[in-house]
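Structure file my_file-v1.cif (mmCIF, N, CA, C and O atoms) follows.
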```cif
data_protein
#
loop_
_atom_site.label_atom_id
_atom_site.label_comp_id
_atom_site.auth_asym_id
_atom_site.auth_seq_id
_atom_site.Cartn_x
_atom_site.Cartn_y
_atom_site.Cartn_z
N MET A 139 22.32 -17.48 1.20
CA MET A 139 22.04 -16.16 0.66
C MET A 139 22.13 -15.12 1.76
O MET A 139 21.78 -15.37 2.90
N THR A 140 22.55 -13.95 1.40
CA THR A 140 22.64 -12.85 2.33
C THR A 140 21.36 -12.03 2.26
O THR A 140 20.92 -11.64 1.19
N GLU A 141 20.76 -11.81 3.43
CA GLU A 141 19.52 -11.03 3.46
C GLU A 141 19.85 -9.55 3.53
O GLU A 141 20.74 -9.13 4.25
N VAL A 142 19.13 -8.79 2.75
CA VAL A 142 19.30 -7.35 2.73
C VAL A 142 18.27 -6.75 3.68
O VAL A 142 17.09 -7.02 3.55
N PRO A 143 18.72 -5.95 4.66
CA PRO A 143 17.74 -5.36 5.58
C PRO A 143 16.86 -4.34 4.86
O PRO A 143 17.27 -3.73 3.88
N CYS A 144 15.65 -4.20 5.35
CA CYS A 144 14.71 -3.24 4.77
C CYS A 144 15.25 -1.83 4.98
O CYS A 144 15.70 -1.49 6.07
N GLN A 145 15.20 -1.04 3.94
CA GLN A 145 15.68 0.33 4.06
C GLN A 145 14.53 1.20 4.55
O GLN A 145 13.40 1.07 4.12
N GLN A 146 14.87 2.08 5.46
CA GLN A 146 13.89 3.03 5.96
C GLN A 146 13.75 4.16 4.97
O GLN A 146 14.67 4.47 4.22
N SER A 147 12.59 4.78 4.95
CA SER A 147 12.39 5.92 4.06
C SER A 147 13.28 7.07 4.53
O SER A 147 13.64 7.17 5.70
N GLU A 148 13.63 7.95 3.62
CA GLU A 148 14.55 9.04 3.92
C GLU A 148 13.91 10.12 4.77
O GLU A 148 14.58 10.82 5.50
N VAL A 149 12.61 10.28 4.66
CA VAL A 149 11.92 11.30 5.43
C VAL A 149 11.43 10.68 6.74
O VAL A 149 10.70 9.69 6.71
N PRO A 150 11.83 11.22 7.89
CA PRO A 150 11.38 10.62 9.15
C PRO A 150 9.86 10.74 9.31
O PRO A 150 9.27 11.75 9.01
N GLY A 151 9.26 9.66 9.78
CA GLY A 151 7.82 9.66 10.01
C GLY A 151 6.99 9.31 8.79
O GLY A 151 5.79 9.21 8.87
N MET A 152 7.62 9.13 7.65
CA MET A 152 6.89 8.81 6.43
C MET A 152 7.11 7.33 6.10
O MET A 152 8.13 6.97 5.55
N ASN A 153 6.17 6.50 6.48
CA ASN A 153 6.25 5.08 6.19
C ASN A 153 5.40 4.76 4.98
O ASN A 153 4.20 4.99 5.00
N VAL A 154 6.02 4.26 3.95
CA VAL A 154 5.29 3.89 2.74
C VAL A 154 4.88 2.43 2.89
O VAL A 154 5.71 1.55 3.00
N ASP A 155 3.58 2.20 2.93
CA ASP A 155 3.08 0.84 3.10
C ASP A 155 2.78 0.26 1.73
O ASP A 155 1.70 0.45 1.19
N VAL A 156 3.76 -0.43 1.19
CA VAL A 156 3.63 -1.01 -0.14
C VAL A 156 2.70 -2.21 -0.10
O VAL A 156 2.06 -2.54 -1.10
N ASN A 157 2.60 -2.85 1.05
CA ASN A 157 1.73 -4.02 1.17
C ASN A 157 0.28 -3.67 0.85
O ASN A 157 -0.43 -4.49 0.26
N ALA A 158 -0.16 -2.49 1.25
CA ALA A 158 -1.54 -2.08 0.98
C ALA A 158 -1.77 -1.97 -0.52
O ALA A 158 -2.84 -2.35 -1.02
N ILE A 159 -0.79 -1.48 -1.25
CA ILE A 159 -0.93 -1.36 -2.71
C ILE A 159 -1.04 -2.74 -3.33
O ILE A 159 -1.89 -2.98 -4.21
N PHE A 160 -0.21 -3.68 -2.86
CA PHE A 160 -0.28 -5.04 -3.40
C PHE A 160 -1.59 -5.73 -3.01
O PHE A 160 -2.14 -6.52 -3.79
N GLN A 161 -2.11 -5.45 -1.82
CA GLN A 161 -3.39 -6.03 -1.42
C GLN A 161 -4.51 -5.53 -2.32
O GLN A 161 -5.36 -6.32 -2.77
N ILE A 162 -4.52 -4.24 -2.61
CA ILE A 162 -5.57 -3.67 -3.47
C ILE A 162 -5.45 -4.24 -4.88
O ILE A 162 -6.45 -4.61 -5.51
N ALA A 163 -4.22 -4.36 -5.38
CA ALA A 163 -4.02 -4.94 -6.71
C ALA A 163 -4.45 -6.40 -6.74
O ALA A 163 -5.09 -6.86 -7.70
N GLY A 164 -4.14 -7.14 -5.69
CA GLY A 164 -4.53 -8.55 -5.62
C GLY A 164 -6.04 -8.71 -5.57
O GLY A 164 -6.60 -9.59 -6.25
N ILE A 165 -6.70 -7.87 -4.80
CA ILE A 165 -8.17 -7.92 -4.75
C ILE A 165 -8.74 -7.62 -6.12
O ILE A 165 -9.68 -8.29 -6.57
N GLY A 166 -8.18 -6.63 -6.81
CA GLY A 166 -8.67 -6.29 -8.15
C GLY A 166 -8.51 -7.43 -9.13
O GLY A 166 -9.41 -7.71 -9.94
N ILE A 167 -7.37 -8.11 -9.09
CA ILE A 167 -7.13 -9.24 -10.01
C ILE A 167 -8.09 -10.38 -9.71
O ILE A 167 -8.69 -10.97 -10.63
N ILE A 168 -8.27 -10.70 -8.43
CA ILE A 168 -9.17 -11.80 -8.06
C ILE A 168 -10.61 -11.48 -8.44
O ILE A 168 -11.33 -12.33 -8.99
N ILE A 169 -11.04 -10.24 -8.19
CA ILE A 169 -12.40 -9.84 -8.54
C ILE A 169 -12.60 -9.89 -10.05
O ILE A 169 -13.66 -10.33 -10.54
N ALA A 170 -11.60 -9.46 -10.81
CA ALA A 170 -11.70 -9.52 -12.28
C ALA A 170 -11.83 -10.95 -12.77
O ALA A 170 -12.62 -11.24 -13.69
N MET A 171 -11.07 -11.86 -12.17
CA MET A 171 -11.16 -13.27 -12.58
C MET A 171 -12.53 -13.85 -12.24
O MET A 171 -13.14 -14.54 -13.08
N ILE A 172 -13.01 -13.58 -11.03
CA ILE A 172 -14.33 -14.10 -10.64
C ILE A 172 -15.41 -13.51 -11.53
O ILE A 172 -16.34 -14.21 -11.95
N HIS A 173 -15.30 -12.21 -11.84
CA HIS A 173 -16.27 -11.56 -12.71
C HIS A 173 -16.29 -12.22 -14.09
O HIS A 173 -17.37 -12.49 -14.64
N SER A 174 -15.12 -12.50 -14.64
CA SER A 174 -15.05 -13.14 -15.97
C SER A 174 -15.66 -14.53 -15.96
O SER A 174 -16.40 -14.90 -16.88
N VAL A 175 -15.36 -15.30 -14.92
CA VAL A 175 -15.89 -16.67 -14.84
C VAL A 175 -17.41 -16.63 -14.72
O VAL A 175 -18.12 -17.37 -15.42
N LEU A 176 -17.92 -15.77 -13.84
CA LEU A 176 -19.37 -15.71 -13.67
C LEU A 176 -20.07 -15.19 -14.93
O LEU A 176 -21.16 -15.66 -15.26
N LYS A 177 -19.44 -14.27 -15.61
CA LYS A 177 -20.06 -13.74 -16.83
C LYS A 177 -20.11 -14.81 -17.93
O LYS A 177 -21.10 -14.90 -18.66
N GLN A 178 -19.06 -15.62 -18.03
CA GLN A 178 -19.08 -16.68 -19.04
C GLN A 178 -20.06 -17.79 -18.69
O GLN A 178 -20.53 -18.49 -19.56
N MET A 179 -20.35 -17.92 -17.40
CA MET A 179 -21.34 -18.92 -16.99
C MET A 179 -22.76 -18.41 -17.19
O MET A 179 -23.72 -19.16 -17.01
N GLY A 180 -22.90 -17.15 -17.57
CA GLY A 180 -24.22 -16.59 -17.82
C GLY A 180 -24.84 -15.96 -16.59
O GLY A 180 -26.04 -15.69 -16.57
N LYS A 181 -24.07 -15.73 -15.57
CA LYS A 181 -24.59 -15.14 -14.33
C LYS A 181 -24.08 -13.70 -14.21
O LYS A 181 -23.29 -13.38 -13.33
N GLU A 182 -24.56 -12.85 -15.11
CA GLU A 182 -24.10 -11.47 -15.15
C GLU A 182 -24.47 -10.71 -13.88
O GLU A 182 -23.70 -9.87 -13.41
N ASP A 183 -25.65 -11.01 -13.32
CA ASP A 183 -26.07 -10.31 -12.11
C ASP A 183 -25.12 -10.59 -10.95
O ASP A 183 -24.70 -9.68 -10.23
N MET A 184 -24.76 -11.86 -10.78
CA MET A 184 -23.81 -12.22 -9.72
C MET A 184 -22.44 -11.60 -9.98
O MET A 184 -21.77 -11.17 -9.04
N ALA A 185 -22.04 -11.55 -11.24
CA ALA A 185 -20.74 -10.96 -11.59
C ALA A 185 -20.70 -9.49 -11.21
O ALA A 185 -19.69 -9.00 -10.67
N HIS A 186 -21.78 -8.79 -11.45
CA HIS A 186 -21.82 -7.37 -11.10
C HIS A 186 -21.82 -7.18 -9.58
O HIS A 186 -21.18 -6.25 -9.07
N TRP A 187 -22.53 -8.05 -8.86
CA TRP A 187 -22.54 -7.95 -7.40
C TRP A 187 -21.15 -8.21 -6.82
O TRP A 187 -20.74 -7.55 -5.86
N VAL A 188 -20.44 -9.18 -7.38
CA VAL A 188 -19.08 -9.46 -6.92
C VAL A 188 -18.19 -8.24 -7.14
O VAL A 188 -17.39 -7.87 -6.27
N THR A 189 -18.34 -7.58 -8.29
CA THR A 189 -17.56 -6.39 -8.57
C THR A 189 -17.89 -5.26 -7.60
O THR A 189 -16.99 -4.58 -7.10
N VAL A 190 -19.16 -5.08 -7.31
CA VAL A 190 -19.58 -4.03 -6.38
C VAL A 190 -19.03 -4.31 -4.98
O VAL A 190 -18.50 -3.40 -4.30
N ILE A 191 -19.10 -5.55 -4.54
CA ILE A 191 -18.59 -5.91 -3.21
C ILE A 191 -17.08 -5.71 -3.15
O ILE A 191 -16.56 -5.19 -2.16
N GLY A 192 -16.37 -6.09 -4.20
CA GLY A 192 -14.93 -5.87 -4.25
C GLY A 192 -14.59 -4.39 -4.20
O GLY A 192 -13.64 -3.97 -3.52
N PHE A 193 -15.37 -3.59 -4.91
CA PHE A 193 -15.16 -2.13 -4.90
C PHE A 193 -15.37 -1.56 -3.51
O PHE A 193 -14.59 -0.71 -3.05
N VAL A 194 -16.40 -2.03 -2.81
CA VAL A 194 -16.68 -1.53 -1.46
C VAL A 194 -15.55 -1.91 -0.50
O VAL A 194 -15.13 -1.09 0.33
N VAL A 195 -15.03 -3.13 -0.61
CA VAL A 195 -13.93 -3.56 0.25
C VAL A 195 -12.71 -2.67 0.03
O VAL A 195 -12.08 -2.19 0.99
N VAL A 196 -12.36 -2.43 -1.23
CA VAL A 196 -11.21 -1.58 -1.53
C VAL A 196 -11.48 -0.14 -1.09
O VAL A 196 -10.58 0.54 -0.59
N LEU A 197 -12.70 0.32 -1.24
CA LEU A 197 -13.04 1.67 -0.81
C LEU A 197 -12.82 1.83 0.69
O LEU A 197 -12.28 2.84 1.14
N PHE A 198 -13.22 0.83 1.49
CA PHE A 198 -13.00 0.90 2.93
C PHE A 198 -11.50 0.90 3.26
O PHE A 198 -11.06 1.59 4.17
N MET A 199 -10.73 0.13 2.52
CA MET A 199 -9.28 0.12 2.74
C MET A 199 -8.69 1.50 2.45
O MET A 199 -7.87 2.00 3.23
N VAL A 200 -9.10 2.11 1.36
CA VAL A 200 -8.58 3.43 0.98
C VAL A 200 -9.02 4.49 1.99
O VAL A 200 -8.23 5.37 2.37
N VAL A 201 -10.26 4.41 2.45
CA VAL A 201 -10.75 5.39 3.42
C VAL A 201 -9.96 5.28 4.73
O VAL A 201 -9.60 6.30 5.33
N SER A 202 -9.65 4.06 5.16
CA SER A 202 -8.87 3.92 6.39
C SER A 202 -7.45 4.45 6.20
O SER A 202 -6.88 5.05 7.12
N MET A 203 -6.88 4.25 5.02
CA MET A 203 -5.54 4.80 4.75
C MET A 203 -5.58 6.32 4.70
O MET A 203 -4.66 6.99 5.19
N LEU A 204 -6.64 6.89 4.12
CA LEU A 204 -6.77 8.35 4.09
C LEU A 204 -6.96 8.91 5.50
O LEU A 204 -6.43 9.98 5.83
N ASP A 205 -7.70 8.19 6.33
CA ASP A 205 -7.87 8.61 7.72
C ASP A 205 -6.52 8.66 8.44
O ASP A 205 -6.21 9.62 9.14
N HIS A 206 -5.72 7.63 8.22
CA HIS A 206 -4.38 7.60 8.82
C HIS A 206 -3.52 8.74 8.29
O HIS A 206 -2.80 9.39 9.06
N LEU A 207 -3.62 9.03 7.00
CA LEU A 207 -2.86 10.12 6.39
C LEU A 207 -3.26 11.46 7.00
O LEU A 207 -2.39 12.27 7.36
N PHE A 208 -4.55 11.71 7.13
CA PHE A 208 -5.01 12.97 7.68
C PHE A 208 -4.61 13.13 9.15
O PHE A 208 -4.30 14.22 9.61
N LYS A 209 -4.60 12.02 9.90
CA LYS A 209 -4.14 12.08 11.29
C LYS A 209 -2.65 12.43 11.34
O LYS A 209 -2.22 13.20 12.20
N GLU A 210 -1.86 11.86 10.43
CA GLU A 210 -0.43 12.18 10.37
C GLU A 210 -0.23 13.65 10.02
O GLU A 210 0.60 14.33 10.62
N ILE A 211 -0.98 14.15 9.06
CA ILE A 211 -0.86 15.56 8.67
C ILE A 211 -1.26 16.46 9.82
O ILE A 211 -0.60 17.48 10.08
N LYS A 212 -2.30 16.08 10.54
CA LYS A 212 -2.76 16.87 11.68
C LYS A 212 -1.68 16.93 12.76
O LYS A 212 -1.42 17.99 13.32
N THR A 213 -1.04 15.80 13.03
CA THR A 213 0.00 15.80 14.05
C THR A 213 1.23 16.59 13.61
O THR A 213 1.90 17.21 14.44
N ILE A 214 1.51 16.61 12.33
CA ILE A 214 2.68 17.36 11.83
C ILE A 214 2.43 18.86 11.92
O ILE A 214 3.28 19.61 12.41
N PHE A 215 1.29 19.31 11.46
CA PHE A 215 1.04 20.74 11.40
C PHE A 215 0.53 21.34 12.69
O PHE A 215 0.67 22.53 12.93
N LEU A 216 -0.06 20.54 13.58
CA LEU A 216 -0.54 21.07 14.85
C LEU A 216 0.42 20.75 15.99
O LEU A 216 0.17 21.13 17.12
N PHE A 217 1.50 20.05 15.68
CA PHE A 217 2.55 19.74 16.64
C PHE A 217 2.00 19.08 17.91
O PHE A 217 2.29 19.49 19.01
N GLN A 218 1.18 18.05 17.71
CA GLN A 218 0.61 17.34 18.86
C GLN A 218 1.41 16.10 19.14
O GLN A 218 1.78 15.35 18.34
#
```
Is it possible to express this structure as structure tokens?
Amino acid sequence: MTEVPCQQSEVPGMNVDVNAIFQIAGIGIIIAMIHSVLKQMGKEDMAHWVTVIGFVVVLFMVVSMLDHLFKEIKTIFLFQ
């Protein structure tokens, strides 16, 4: 098979990290499955805690991505 090289984004300096989107989606799917299993086992409290912990993990991921975005914007507009 012939491998196709990764295409760079058209705008210089704009890297779209699709892996982060897939990681967040994967975490959501896994948390939903664990929540369903725990709820059917009658452990609703544990199911809710798993959901809260999953939400916090994704929240930290999004906050770090937003921090990176704001740093990029700062460097673009302040020409540093």
**OP:** Enter the distance from atom N of A:Val188 to atom N of A:Ile159, in Å, rounded to one decimal.
**Re:** 22.0 Å
Original post:
Which residue gives the smallest distance to A:Gln161 among A:Met184, A:Val190, A:Met199, A:Val175, with only C-alpha atoms counted?
Top reply: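 Among A:Met184, A:Val190, A:Met199, A:Val175, it is A:Met199 that comes nearest to A:Gln161.
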**OP:** State, in Å with one decimal place, the distance from atom C of A:Gly192 to atom CA of A:Ile162.
**Re:** 9.1 Å
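For the pair atom N of A:Ala158 and atom C of A:Ile191, the separation is 17.8 Å.
For the file shown, the residue list from the PyMOL selection byres (((chain A and resi 189 and name CA) around 12) and name CA) reads Ile165, Gly166, Ile167, Ile168, Ile169, Ala170, Met171, Ile172, His173, Ser174, Leu176, Lys177, Glu182, Asp183, Met184, Ala185, His186, Trp187, Val188, Val190, Ile191, Gly192, Phe193, Val194, Val195 and Val196 of chain A.
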